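Chemist: After the structure tokens below, expect a handful of questions from me.
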Amino acid sequence: MQSRDLNLKETHDQHKKRATRFSDDKPTTSEYDIASMKLFVLILDQIFQIEDWGPGVAGLLQPLPFPEEALRNRDFIRSMYPLIERITHDPRDVVVQTLLHLRDGKDGWLQIYSLNSTLCEDDGRLFLSMVTELSRPGVQSGKRKKFLSMLLSSQLQAIITLAVRGSEIMIQLLSEFLELDIVSDKQSQLQIFSAMRCTASGRKVYEELCSRREVNEQMTGPTEFRMSPNSTFHDLEVLLGSGSWGNLERLDLSFMQATQAIVPTISKLRNLKHLDLRFTDFNDEGLKNLCDSNLNLETLNLCETQVTDDGIQHLGVMTKLKYLNLNSTGITAQVFTNLKESLSPDVHYDVTYTDAW
């Protein structure tokens, strides 16, 4: 069945046009219409629970295919809640992505159930879950900064409220807004500063942010550095948490005990261009986070790491890459073909000892 067959908004609009032929009154959504749509939603909820059909149902709902009157109706929004909650907690990235509208500037389910909405009845619980899942590694796939900018422009007050209530992820979002320098409005900056200092955890994150910015903005340090093979993540965190590292362009972490935990630390190195992770335990989750970071890497060495197609497919967002080493990783021929189509034809690859070799 094609998506247009299930577009209740289109059907409802056609009904309204017919109604205006016989009445001068402005047509509205009747209780009967709402009841019909609630039944439709109940059926979709059952279909969504069939695993293979889940992405299709979520995709149908992404453009909010309901009349505006229904989307302002508390009873209808309440009936949608269980289905949207299922979509929110679905483990598939493609399903969670449907919580946002396809078109920029258009409201999606995230806005409908926002704490900012007058229809919100759960103190922002579903909104918090939505933001948490949409922030999951790989869901934004290189569009994280754009996603954060959208949250900043339309959901700042909801985020501040939940941060003041102690939500760790909302506190981290406020910190990330500041760290990425996307808060241009002075009043918004002051609101964020004040909100972060309202709780003990917020004050701690704020102090860490100030410390990192001081370290990473000093441009008198080395341009390259190699960690000892026996180094740990704690060693790296301590090292990059002090001194002057704003100049660092090349970081070699090969053979050290590096996992996905290193990404938040190295993603603060704004001038980093060359990263070597050979023979580490770096995995797909770490690679997704790396792709979501604001780094403009030119070379990336993932030889003998734990990455597979699940993480490698997101590398297409690294448009500055000139050299990519995937030697002895879990990449397959199909994903390698797709990756080459996404990146510049000038990129040099090493896929020795893989299915793509």
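Following the order of the structure tokens, first chain is A, next is B, and so on, with residues numbered from 1 inside each chain and ligands from 1 in the order they appear.
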Could you find all residues in range 192-332 of chain A that DSSP calls strand (DSSP E or B) from the backbone, and write them as a CSV table (one decimal) with C-alpha atoms, in the first residue's frame?

Modeler:
```
chain,number,residue,atom,x,y,z
A,224,GLU,CA,51.9,16.1,16.8
A,225,PHE,CA,52.0,13.5,19.6
A,226,ARG,CA,52.2,9.8,20.1
A,250,ARG,CA,48.4,14.6,14.4
A,251,LEU,CA,47.6,12.1,17.2
A,252,ASP,CA,48.9,8.5,17.2
A,274,HIS,CA,45.4,12.9,11.4
A,275,LEU,CA,44.3,10.1,13.8
A,276,ASP,CA,45.9,6.7,14.1
A,299,THR,CA,43.7,10.7,7.5
A,300,LEU,CA,42.2,7.9,9.7
A,301,ASN,CA,43.9,4.6,10.4
A,308,THR,CA,32.5,-3.5,11.0
A,323,TYR,CA,43.5,8.5,3.4
A,324,LEU,CA,41.5,5.8,5.1
A,325,ASN,CA,43.1,2.5,6.3
A,330,GLY,CA,35.0,-6.1,9.1
```

Chemist: Go through range 186-271 of chain A and collect every residue that DSSP, computed from the backbone, puts in alpha helix (DSSP H); the answer should be as an NGL selection string.

Modeler: :A and (186-196 or 200-216 or 233-240 or 263-266)

Chemist: Please provide as a ChimeraX atom specification all residues within 12 Å of Pro82 in chain A, with the sequence filter that same-chain residues fewer than 2 positions apart are discarded (counting only C-alpha atoms).

Modeler: /A:38,41-42,44-46,48-49,76-80,84-89,113,126

Chemist: For the selection you just gave me, I'd like the residues written to a file as a PDB file, in the first residue's frame, keeping N, CA and C atoms.

Modeler:
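Okay, part.pdb is ready:
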```pdb
ATOM      1  N   LYS A  38      -8.346   7.748  15.706  1.00  0.00           N
ATOM      2  CA  LYS A  38      -7.830   7.007  16.867  1.00  0.00           C
ATOM      3  C   LYS A  38      -7.851   5.507  16.588  1.00  0.00           C
ATOM      4  N   VAL A  41      -4.987   4.765  14.309  1.00  0.00           N
ATOM      5  CA  VAL A  41      -3.725   4.759  15.058  1.00  0.00           C
ATOM      6  C   VAL A  41      -3.567   3.453  15.828  1.00  0.00           C
ATOM      7  N   LEU A  42      -4.658   2.966  16.400  1.00  0.00           N
ATOM      8  CA  LEU A  42      -4.616   1.703  17.139  1.00  0.00           C
ATOM      9  C   LEU A  42      -4.193   0.553  16.227  1.00  0.00           C
ATOM     10  N   LEU A  44      -2.423   0.884  13.418  1.00  0.00           N
ATOM     11  CA  LEU A  44      -1.014   1.101  13.087  1.00  0.00           C
ATOM     12  C   LEU A  44      -0.098   0.648  14.210  1.00  0.00           C
ATOM     13  N   ASP A  45      -0.539   0.851  15.440  1.00  0.00           N
ATOM     14  CA  ASP A  45       0.261   0.428  16.592  1.00  0.00           C
ATOM     15  C   ASP A  45       0.455  -1.082  16.582  1.00  0.00           C
ATOM     16  N   GLN A  46      -0.592  -1.809  16.229  1.00  0.00           N
ATOM     17  CA  GLN A  46      -0.486  -3.268  16.150  1.00  0.00           C
ATOM     18  C   GLN A  46       0.433  -3.690  15.002  1.00  0.00           C
ATOM     19  N   PHE A  48       2.861  -1.922  13.711  1.00  0.00           N
ATOM     20  CA  PHE A  48       4.239  -1.529  14.029  1.00  0.00           C
ATOM     21  C   PHE A  48       4.961  -2.615  14.817  1.00  0.00           C
ATOM     22  N   GLN A  49       4.223  -3.356  15.615  1.00  0.00           N
ATOM     23  CA  GLN A  49       4.841  -4.377  16.456  1.00  0.00           C
ATOM     24  C   GLN A  49       5.251  -5.617  15.671  1.00  0.00           C
ATOM     25  N   PHE A  76      -6.663  13.079  20.865  1.00  0.00           N
ATOM     26  CA  PHE A  76      -5.982  12.376  19.778  1.00  0.00           C
ATOM     27  C   PHE A  76      -4.491  12.217  20.079  1.00  0.00           C
ATOM     28  N   ILE A  77      -3.845  13.278  20.555  1.00  0.00           N
ATOM     29  CA  ILE A  77      -2.416  13.215  20.878  1.00  0.00           C
ATOM     30  C   ILE A  77      -2.163  12.190  21.976  1.00  0.00           C
ATOM     31  N   ARG A  78      -3.102  12.093  22.907  1.00  0.00           N
ATOM     32  CA  ARG A  78      -2.984  11.093  23.970  1.00  0.00           C
ATOM     33  C   ARG A  78      -3.058   9.681  23.383  1.00  0.00           C
ATOM     34  N   SER A  79      -3.913   9.495  22.373  1.00  0.00           N
ATOM     35  CA  SER A  79      -4.056   8.169  21.749  1.00  0.00           C
ATOM     36  C   SER A  79      -2.821   7.782  20.938  1.00  0.00           C
ATOM     37  N   MET A  80      -2.083   8.788  20.438  1.00  0.00           N
ATOM     38  CA  MET A  80      -0.865   8.526  19.666  1.00  0.00           C
ATOM     39  C   MET A  80       0.319   8.157  20.557  1.00  0.00           C
ATOM     40  N   ILE A  84       4.050   6.410  19.475  1.00  0.00           N
ATOM     41  CA  ILE A  84       5.245   7.250  19.381  1.00  0.00           C
ATOM     42  C   ILE A  84       6.292   6.800  20.396  1.00  0.00           C
ATOM     43  N   GLU A  85       5.835   6.320  21.533  1.00  0.00           N
ATOM     44  CA  GLU A  85       6.768   5.805  22.542  1.00  0.00           C
ATOM     45  C   GLU A  85       7.477   4.551  22.033  1.00  0.00           C
ATOM     46  N   ARG A  86       6.740   3.685  21.328  1.00  0.00           N
ATOM     47  CA  ARG A  86       7.365   2.491  20.743  1.00  0.00           C
ATOM     48  C   ARG A  86       8.415   2.887  19.704  1.00  0.00           C
ATOM     49  N   ILE A  87       8.075   3.859  18.866  1.00  0.00           N
ATOM     50  CA  ILE A  87       9.019   4.330  17.850  1.00  0.00           C
ATOM     51  C   ILE A  87      10.272   4.888  18.515  1.00  0.00           C
ATOM     52  N   THR A  88      10.083   5.634  19.586  1.00  0.00           N
ATOM     53  CA  THR A  88      11.208   6.252  20.294  1.00  0.00           C
ATOM     54  C   THR A  88      12.196   5.217  20.807  1.00  0.00           C
ATOM     55  N   HIS A  89      11.694   4.125  21.325  1.00  0.00           N
ATOM     56  CA  HIS A  89      12.560   3.121  21.951  1.00  0.00           C
ATOM     57  C   HIS A  89      12.940   1.981  21.004  1.00  0.00           C
ATOM     58  N   TYR A 113       5.362  16.427  21.174  1.00  0.00           N
ATOM     59  CA  TYR A 113       5.398  15.939  22.556  1.00  0.00           C
ATOM     60  C   TYR A 113       6.439  16.661  23.415  1.00  0.00           C
ATOM     61  N   LEU A 126       8.512  11.715  27.710  1.00  0.00           N
ATOM     62  CA  LEU A 126       8.683  11.198  26.348  1.00  0.00           C
ATOM     63  C   LEU A 126       9.650  12.081  25.560  1.00  0.00           C
TER      64      LEU A 126
END
```

Chemist: Residues within 10 Å of range 150-154 of chain A, please, as an mmCIF file with N, CA and C atoms, in the first residue's frame. Count only C-alpha atoms; anything in the same chain fewer than 5 positions from it doesn't count.

Modeler:
```
data_model
loop_
_atom_site.group_PDB
_atom_site.id
_atom_site.type_symbol
_atom_site.label_atom_id
_atom_site.label_comp_id
_atom_site.auth_asym_id
_atom_site.auth_seq_id
_atom_site.Cartn_x
_atom_site.Cartn_y
_atom_site.Cartn_z
ATOM 1 N N ASP A 104 13.362 20.486 6.807
ATOM 2 C CA ASP A 104 13.882 21.420 7.799
ATOM 3 C C ASP A 104 12.839 22.481 8.131
ATOM 4 N N GLY A 105 12.753 22.820 9.399
ATOM 5 C CA GLY A 105 11.834 23.868 9.814
ATOM 6 C C GLY A 105 10.418 23.399 10.076
ATOM 7 N N ASP A 107 7.673 20.983 12.046
ATOM 8 C CA ASP A 107 7.540 20.263 13.306
ATOM 9 C C ASP A 107 7.347 18.774 13.060
ATOM 10 N N LEU A 110 8.777 15.079 17.718
ATOM 11 C CA LEU A 110 9.576 15.642 18.812
ATOM 12 C C LEU A 110 8.946 16.930 19.330
ATOM 13 N N GLN A 111 8.510 17.787 18.417
ATOM 14 C CA GLN A 111 7.902 19.054 18.819
ATOM 15 C C GLN A 111 6.488 18.851 19.384
ATOM 16 N N SER A 114 6.888 17.805 22.948
ATOM 17 C CA SER A 114 7.873 18.586 23.696
ATOM 18 C C SER A 114 7.291 19.108 25.007
ATOM 19 N N ASN A 116 7.651 21.958 25.837
ATOM 20 C CA ASN A 116 7.175 23.295 25.467
ATOM 21 C C ASN A 116 5.718 23.295 25.008
ATOM 22 N N VAL A 131 14.867 12.843 22.782
ATOM 23 C CA VAL A 131 16.159 13.516 22.616
ATOM 24 C C VAL A 131 17.300 12.552 22.912
ATOM 25 N N ARG A 144 24.902 15.848 13.420
ATOM 26 C CA ARG A 144 24.664 16.152 14.833
ATOM 27 C C ARG A 144 24.642 17.656 15.100
ATOM 28 N N LYS A 145 25.567 18.392 14.487
ATOM 29 C CA LYS A 145 25.604 19.836 14.731
ATOM 30 C C LYS A 145 24.309 20.490 14.254
ATOM 31 N N ILE A 159 14.769 22.170 27.318
ATOM 32 C CA ILE A 159 16.038 21.553 27.709
ATOM 33 C C ILE A 159 16.533 22.144 29.025
ATOM 34 N N LEU A 173 23.821 18.449 26.847
ATOM 35 C CA LEU A 173 23.421 19.182 25.642
ATOM 36 C C LEU A 173 23.729 20.668 25.782
ATOM 37 N N LEU A 174 23.434 21.241 26.942
ATOM 38 C CA LEU A 174 23.738 22.654 27.172
ATOM 39 C C LEU A 174 25.235 22.901 27.050
ATOM 40 N N PHE A 177 26.170 22.778 23.357
ATOM 41 C CA PHE A 177 25.800 24.019 22.666
ATOM 42 C C PHE A 177 26.932 25.040 22.779
ATOM 43 N N ILE A 182 27.627 27.425 18.964
ATOM 44 C CA ILE A 182 26.449 27.637 18.123
ATOM 45 C C ILE A 182 25.434 28.565 18.795
ATOM 46 N N VAL A 183 25.764 29.034 20.002
ATOM 47 C CA VAL A 183 24.861 29.950 20.717
ATOM 48 C C VAL A 183 25.297 31.377 20.422
ATOM 49 N N SER A 188 20.678 33.967 25.389
ATOM 50 C CA SER A 188 20.629 32.501 25.452
ATOM 51 C C SER A 188 21.868 31.956 26.142
#
```

Chemist: So how many Å separate CA of Arg270 in chain A and CA of Asp181 in chain A, to one decimal?

Modeler: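 These two atoms are separated by 12.0 Å.
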
Chemist: For Asn327 in chain A, which residue out of A:Leu60, A:Ile160, A:Leu302, A:Ile262 is the nearest one, using only C-alpha atoms?

Modeler: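 Closest residue, counting only C-alpha atoms: A:Leu302.
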
Chemist: Please list as a PyMOL selection string every residue within 12 Å of Met170 in chain A, counting only C-alpha atoms and excluding residues in the same chain fewer than 4 positions away.

Modeler: chain A and resi 124+127-132+135+148+151-152+155-166+174-177+192+195-196+201-202+205

Chemist: How many Å lie between CA of His314 in chain A and CA of Leu248 in chain A, rounded to one decimal?

Modeler: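 Here the two named atoms are 24.7 Å from each other.
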
Chemist: Fewer than 5 positions away in the same chain doesn't count, so skip those; otherwise give me all residues within 9 Å of Pro264 in chain A, counting only C-alpha atoms, as an mmCIF file with N, CA and C atoms, in the first residue's frame.

Modeler:
```cif
data_model
loop_
_atom_site.group_PDB
_atom_site.id
_atom_site.type_symbol
_atom_site.label_atom_id
_atom_site.label_comp_id
_atom_site.auth_asym_id
_atom_site.auth_seq_id
_atom_site.Cartn_x
_atom_site.Cartn_y
_atom_site.Cartn_z
ATOM 1 N N ASN A 289 30.327 7.715 16.971
ATOM 2 C CA ASN A 289 30.525 8.951 17.734
ATOM 3 C C ASN A 289 31.553 9.856 17.061
ATOM 4 N N LEU A 290 32.595 9.253 16.510
ATOM 5 C CA LEU A 290 33.631 10.024 15.824
ATOM 6 C C LEU A 290 33.046 10.724 14.597
ATOM 7 N N SER A 293 31.164 13.780 15.537
ATOM 8 C CA SER A 293 31.947 14.872 16.118
ATOM 9 C C SER A 293 32.175 15.966 15.079
#
```

Chemist: Using only C-alpha atoms for the distances, tell me which of A:Ile112, A:Leu253, A:Leu269, A:Leu190 is nearest to Glu214 in chain A.

Modeler: A:Leu269

Chemist: With a distance cut-off of 12 Å and only C-alpha atoms, select the neighbouring residues of Asn73 in chain A, excluding the residue or stretch itself and same-chain residues fewer than 6 positions from it, and output the selection as a list in words.

Modeler: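 Once the nearby chain positions are removed, what remains is Thr28, Thr29, Ser30, Glu31, Asp33, Ile34, Ala35, Met37, Lys38, Phe66, Pro67, Ser79, Met80, Ile112, Thr118, Leu119 and Cys120 of chain A.
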